[in-house]
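Step one of this worksheet: look at the structure below.
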Amino acid sequence: MIEDEDQARRFVAQRSDFKAMARLDRFAEALAEENRHQNLVSSASLEHIWQRHFADSAQLLDFVPLSEPEWIDLGSGAGFPGLVIACMRPEFNVTLVESRKKRIIWLENMVQSLGLVRARVVGSTLQSVSGFRADVISARAFAPLPKLIDLSARFSTSDTIWVLPKGQSAAQEWQELPRRLQQMFHVKQSQTDASAGILVGSGKAEIRS
Ligand SMILES: C[S@@+](CC[C@H](N)C(=O)[O-])C[C@H]1O[C@@H](n2cnc3c(N)ncnc32)[C@H](O)[C@@H]1O
């Protein structure tokens with residue numbers, strides 16, 4: 001378990017090259033500045049940015065054994081986990097979906113200033129994003145699981161990997177899924193918080209009305 005900022009930074013560094021670490025340092029600096037103008041993350045969490053945000057996002061890569069996936073991140077907000085993934089793996093095609101105007105501008109600025117040419121920001125509600133086949137679907141603190149799956153099922157294929165950090169409610173949310181969806185997912189322990197879980201899934205979510 002990652003207990004502090006040093007361990008969190010080491011955890012991310014083990015999965016990154018030095019350019020990625022430089023991008024993340026610039027991201028951290030810009031986030032601290034931007035958070036004075038808009039409420040992107042809680043100011044308390046900025047003191048633990050490597051543990052609470054960077055390592056928390058980076059750990060998702062351990063469930064994605066793909067080289068250049070098409071990755072969609074739902075409700076990216078300040079950029080978690082999607083922008084961290086793009087910083088660490090600039091060769092991935094990462095789509096960051098975010099509906100709030102100021103956050104869209106923030107994400108667009110970061111993608112541009114960090115030179116992430118394969119990342120794109122889609123500034124609209126997920127409901128109005130044109131469908132495409134996603135190899136990976138991620139979402140942190142986006143919506144309760146049934147709604148999240150409902151809104152994103154159309155991006156999934158039989159090969160899609162789902163990585164959904166769900167905090168303390170992971171096991172409970174999994175328990176409450178219909179059986180056919182329970183079979184798609186399992187709960188993995190988060191490396192950044194002993195009480196948190198990540199729902200990791202695979203396959204196409206079939207929505208029945
Ligand atoms: C609680 S924040 C989480 C942000 C980020 N994923 C994180 O973990 O720090 C949820 C984000 O989802 C965005 N959002 C909510 N509903 C959305 C929708 N239907 N389509 C796109 N973005 C949405 C919100 O604007 C907000 O930035």
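Residue numbering restarts at 1 for every chain of the structure tokens, chains are lettered A, B, ... in their displayed order, and ligands are numbered from 1 as they appear.
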
All residues having an atom within 7 Å of ligand 1 (only C-alpha atoms and all ligand atoms) as number ranges by chain: A: 41, 74-81, 97-100, 103, 124-127, 139-142

Set out as a tab-separated table a contact list for region 93-200 of chain A and region 7-23 of chain A with a cut-off of 12 Å, giving each residue of region 93-200 of chain A that qualifies its closest atom pair and distance in Å to one decimal, counting only C-alpha atoms, ordered by chain and rising residue number.
residue	atom	partner	partner_atom	distance
A:Met110	CA	A:Arg23	CA	9.9
A:Val111	CA	A:Arg23	CA	10.4
A:Gln112	CA	A:Arg23	CA	11.7
A:Ser113	CA	A:Arg23	CA	9.5
A:Leu114	CA	A:Arg23	CA	6.4
A:Gly115	CA	A:Arg23	CA	9.2
A:Leu116	CA	A:Arg23	CA	9.7
A:Gln191	CA	A:Ala8	CA	9.4
A:Thr192	CA	A:Ala8	CA	7.9
A:Asp193	CA	A:Ala8	CA	11.3

Go ahead and write the residues just picked, C-alpha atoms, as an mmCIF file, in the first residue's frame.
data_model
loop_
_atom_site.group_PDB
_atom_site.id
_atom_site.type_symbol
_atom_site.label_atom_id
_atom_site.label_comp_id
_atom_site.auth_asym_id
_atom_site.auth_seq_id
_atom_site.Cartn_x
_atom_site.Cartn_y
_atom_site.Cartn_z
ATOM 1 C CA MET A 110 -3.049 21.240 -20.442
ATOM 2 C CA VAL A 111 -3.250 18.895 -23.421
ATOM 3 C CA GLN A 112 -1.764 21.605 -25.590
ATOM 4 C CA SER A 113 0.917 22.853 -23.206
ATOM 5 C CA LEU A 114 2.058 19.317 -22.388
ATOM 6 C CA GLY A 115 2.280 18.472 -26.094
ATOM 7 C CA LEU A 116 -0.080 15.510 -25.838
ATOM 8 C CA GLN A 191 -2.956 0.736 -4.011
ATOM 9 C CA THR A 192 -3.502 4.260 -2.715
ATOM 10 C CA ASP A 193 -6.228 3.728 -0.120
#

field: Picked from region 8-167 of chain A by DSSP as strand (DSSP E), as a list in words
entry: Glu70, Trp71, Ile72, Asp73, Leu74, Asn93, Val94, Thr95, Leu96, Val97, Glu98, Ala119, Arg120, Val121, Val122, Gly123, Val136, Ile137, Ser138, Ala139, Ile161, Trp162, Val163, Leu164, Pro165, Lys166 and Gly167 of chain A

Per-residue nearest contacts of region 129-171 of chain A to region 49-62 of chain A (12 Å; only C-alpha atoms) as JSON lines:
{"residue": "A:Val136", "atom": "CA", "partner": "A:Leu61", "partner_atom": "CA", "distance": 10.3}
{"residue": "A:Ile137", "atom": "CA", "partner": "A:Leu60", "partner_atom": "CA", "distance": 10.7}
{"residue": "A:Ser138", "atom": "CA", "partner": "A:Leu60", "partner_atom": "CA", "distance": 8.5}
{"residue": "A:Ala139", "atom": "CA", "partner": "A:Ser57", "partner_atom": "CA", "distance": 9.9}
{"residue": "A:Arg140", "atom": "CA", "partner": "A:Ser57", "partner_atom": "CA", "distance": 8.7}
{"residue": "A:Ala141", "atom": "CA", "partner": "A:Ser57", "partner_atom": "CA", "distance": 11.9}
{"residue": "A:Ile161", "atom": "CA", "partner": "A:Leu60", "partner_atom": "CA", "distance": 10.5}
{"residue": "A:Trp162", "atom": "CA", "partner": "A:Leu60", "partner_atom": "CA", "distance": 9.6}
{"residue": "A:Val163", "atom": "CA", "partner": "A:Leu60", "partner_atom": "CA", "distance": 6.4}
{"residue": "A:Leu164", "atom": "CA", "partner": "A:Leu60", "partner_atom": "CA", "distance": 8.4}
{"residue": "A:Pro165", "atom": "CA", "partner": "A:Asp56", "partner_atom": "CA", "distance": 8.3}
{"residue": "A:Lys166", "atom": "CA", "partner": "A:Asp56", "partner_atom": "CA", "distance": 11.1}
{"residue": "A:Gly167", "atom": "CA", "partner": "A:Asp56", "partner_atom": "CA", "distance": 10.4}

Suppose we keep N, CA and C atoms; can you now write the selection as a PDB file, in the first residue's frame?
ATOM      1  N   VAL A 136     -10.470   0.905 -23.834  1.00  0.00           N
ATOM      2  CA  VAL A 136     -10.463   1.104 -22.376  1.00  0.00           C
ATOM      3  C   VAL A 136     -11.482   2.195 -22.022  1.00  0.00           C
ATOM      4  N   ILE A 137     -12.256   1.933 -20.992  1.00  0.00           N
ATOM      5  CA  ILE A 137     -13.172   2.949 -20.445  1.00  0.00           C
ATOM      6  C   ILE A 137     -12.776   3.171 -18.988  1.00  0.00           C
ATOM      7  N   SER A 138     -12.474   4.433 -18.654  1.00  0.00           N
ATOM      8  CA  SER A 138     -12.162   4.754 -17.258  1.00  0.00           C
ATOM      9  C   SER A 138     -13.095   5.851 -16.778  1.00  0.00           C
ATOM     10  N   ALA A 139     -13.305   5.884 -15.487  1.00  0.00           N
ATOM     11  CA  ALA A 139     -14.106   6.952 -14.882  1.00  0.00           C
ATOM     12  C   ALA A 139     -13.864   6.925 -13.391  1.00  0.00           C
ATOM     13  N   ARG A 140     -13.520   8.103 -12.843  1.00  0.00           N
ATOM     14  CA  ARG A 140     -13.387   8.211 -11.394  1.00  0.00           C
ATOM     15  C   ARG A 140     -14.372   9.258 -10.911  1.00  0.00           C
ATOM     16  N   ALA A 141     -15.163   8.904  -9.926  1.00  0.00           N
ATOM     17  CA  ALA A 141     -16.126   9.833  -9.315  1.00  0.00           C
ATOM     18  C   ALA A 141     -17.031  10.469 -10.365  1.00  0.00           C
ATOM     19  N   ILE A 161     -11.711  -3.059 -21.905  1.00  0.00           N
ATOM     20  CA  ILE A 161     -11.329  -3.168 -20.486  1.00  0.00           C
ATOM     21  C   ILE A 161     -11.911  -1.949 -19.761  1.00  0.00           C
ATOM     22  N   TRP A 162     -12.562  -2.201 -18.646  1.00  0.00           N
ATOM     23  CA  TRP A 162     -13.134  -1.129 -17.834  1.00  0.00           C
ATOM     24  C   TRP A 162     -12.285  -0.964 -16.570  1.00  0.00           C
ATOM     25  N   VAL A 163     -11.915   0.259 -16.249  1.00  0.00           N
ATOM     26  CA  VAL A 163     -11.171   0.517 -15.010  1.00  0.00           C
ATOM     27  C   VAL A 163     -11.856   1.679 -14.288  1.00  0.00           C
ATOM     28  N   LEU A 164     -12.536   1.348 -13.212  1.00  0.00           N
ATOM     29  CA  LEU A 164     -13.421   2.307 -12.551  1.00  0.00           C
ATOM     30  C   LEU A 164     -13.085   2.417 -11.058  1.00  0.00           C
ATOM     31  N   PRO A 165     -12.221   3.373 -10.696  1.00  0.00           N
ATOM     32  CA  PRO A 165     -11.950   3.569  -9.266  1.00  0.00           C
ATOM     33  C   PRO A 165     -13.241   3.985  -8.572  1.00  0.00           C
ATOM     34  N   LYS A 166     -13.611   3.250  -7.546  1.00  0.00           N
ATOM     35  CA  LYS A 166     -14.922   3.481  -6.942  1.00  0.00           C
ATOM     36  C   LYS A 166     -14.851   3.771  -5.449  1.00  0.00           C
ATOM     37  N   GLY A 167     -13.637   3.998  -4.947  1.00  0.00           N
ATOM     38  CA  GLY A 167     -13.516   4.352  -3.533  1.00  0.00           C
ATOM     39  C   GLY A 167     -14.085   3.272  -2.635  1.00  0.00           C
TER      40      GLY A 167
END

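Nearest-residue note for Pro65 (chain A): choosing from A:Lys188, A:Gln182, A:Ala86, A:Thr160, the minimum distance belongs to A:Thr160, counting only C-alpha atoms.
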
query: Quick one: of A:Ile207, A:Met88, A:Leu199, A:Leu145, who's nearest to Arg180 (chain A), counting only C-alpha atoms?
result: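 Between A:Ile207, A:Met88, A:Leu199, A:Leu145, the residue approaching Arg180 (chain A) most closely is A:Ile207.
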
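One finds CA of Cys87 (chain A) at 15.1 Å from CA of Trp106 (chain A).
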
query: Of the candidates A:Leu83, A:Ala143, A:Ile105, A:Leu148, which shows the shortest atom-to-atom distance to Ala119 (chain A), using only C-alpha atoms?
result: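 Distance minimum relative to Ala119 (chain A) lands on A:Leu83.
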
field: CA of Met184 (chain A) to CA of Lys204 (chain A), straight-line distance in Å
entry: 8.5 Å

field: Within 7 Å of Leu96 (chain A) using only C-alpha atoms, minus same-chain residues under 5 positions, as a ChimeraX atom specification
entry: /A:72-74,76,82,120-122

query: What is the distance, in Å and to one decimal place, between CA of Ala44 (chain A) and CA of Lys102 (chain A)?
result: 20.8 Å

message: Which residues are close to Glu68 (chain A), i.e. within 10 Å by only C-alpha atoms, leaving aside same-chain residues fewer than 2 positions away? Reply as a list in words.
response: Pro65, Leu66, Glu70, Trp71, Arg89, Pro90, Glu91, Phe92, Asn93, Val94 and Asp135 of chain A

Let me see the file: selected residues, C-alpha atoms, as an mmCIF file, in the first residue's frame.
data_model
loop_
_atom_site.group_PDB
_atom_site.id
_atom_site.type_symbol
_atom_site.label_atom_id
_atom_site.label_comp_id
_atom_site.auth_asym_id
_atom_site.auth_seq_id
_atom_site.Cartn_x
_atom_site.Cartn_y
_atom_site.Cartn_z
ATOM 1 C CA PRO A 65 -1.844 -4.707 -21.014
ATOM 2 C CA LEU A 66 -2.318 -2.892 -24.331
ATOM 3 C CA GLU A 70 -8.264 3.884 -27.748
ATOM 4 C CA TRP A 71 -9.044 5.091 -24.201
ATOM 5 C CA ARG A 89 1.581 7.081 -22.143
ATOM 6 C CA PRO A 90 1.532 9.840 -24.796
ATOM 7 C CA GLU A 91 1.259 7.175 -27.494
ATOM 8 C CA PHE A 92 -2.246 6.230 -26.256
ATOM 9 C CA ASN A 93 -5.279 7.831 -27.933
ATOM 10 C CA VAL A 94 -6.955 9.268 -24.853
ATOM 11 C CA ASP A 135 -10.440 -0.407 -25.872
#

task: Identify, with DSSP run on backbone atoms, the residues in region 93-144 of chain A assigned to alpha helix (DSSP H), and express the list as a PyMOL selection string.
output: chain A and resi 101-113

Keeping N, CA and C atoms, export the residues of the selection given above as a CSV table (one decimal), in the first residue's frame.
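Saved file result.csv follows:
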chain,number,residue,atom,x,y,z
A,101,LYS,N,-17.7,24.0,-18.6
A,101,LYS,CA,-16.9,24.9,-19.5
A,101,LYS,C,-15.5,25.2,-19.0
A,102,LYS,N,-15.4,25.7,-17.7
A,102,LYS,CA,-14.0,26.0,-17.2
A,102,LYS,C,-13.1,24.8,-17.1
A,103,ARG,N,-13.6,23.7,-16.9
A,103,ARG,CA,-12.8,22.5,-16.8
A,103,ARG,C,-12.4,22.1,-18.2
A,104,ILE,N,-13.3,22.3,-19.2
A,104,ILE,CA,-12.9,22.0,-20.6
A,104,ILE,C,-11.7,22.8,-21.0
A,105,ILE,N,-11.8,24.1,-20.7
A,105,ILE,CA,-10.7,25.0,-21.1
A,105,ILE,C,-9.4,24.6,-20.4
A,106,TRP,N,-9.5,24.3,-19.1
A,106,TRP,CA,-8.3,23.8,-18.4
A,106,TRP,C,-7.7,22.6,-19.1
A,107,LEU,N,-8.6,21.6,-19.4
A,107,LEU,CA,-8.0,20.4,-20.0
A,107,LEU,C,-7.4,20.6,-21.3
A,108,GLU,N,-8.1,21.5,-22.1
A,108,GLU,CA,-7.6,21.8,-23.5
A,108,GLU,C,-6.2,22.5,-23.3
A,109,ASN,N,-6.1,23.4,-22.4
A,109,ASN,CA,-4.8,24.1,-22.2
A,109,ASN,C,-3.7,23.1,-21.8
A,110,MET,N,-4.1,22.2,-20.9
A,110,MET,CA,-3.0,21.2,-20.4
A,110,MET,C,-2.6,20.3,-21.6
A,111,VAL,N,-3.6,19.8,-22.3
A,111,VAL,CA,-3.3,18.9,-23.4
A,111,VAL,C,-2.3,19.6,-24.4
A,112,GLN,N,-2.6,20.9,-24.6
A,112,GLN,CA,-1.8,21.6,-25.6
A,112,GLN,C,-0.4,21.9,-25.0
A,113,SER,N,-0.4,22.4,-23.8
A,113,SER,CA,0.9,22.9,-23.2
A,113,SER,C,1.8,21.7,-22.9

task: Please provide as a list of chain:residue names all residues within 6 Å of Gly203 (chain A), with the sequence filter that same-chain residues fewer than 5 positions apart are discarded (counting only C-alpha atoms).
output: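 Counting only the stated atoms, we get A:Thr157, A:Ser158, A:Asp159, A:Thr160.
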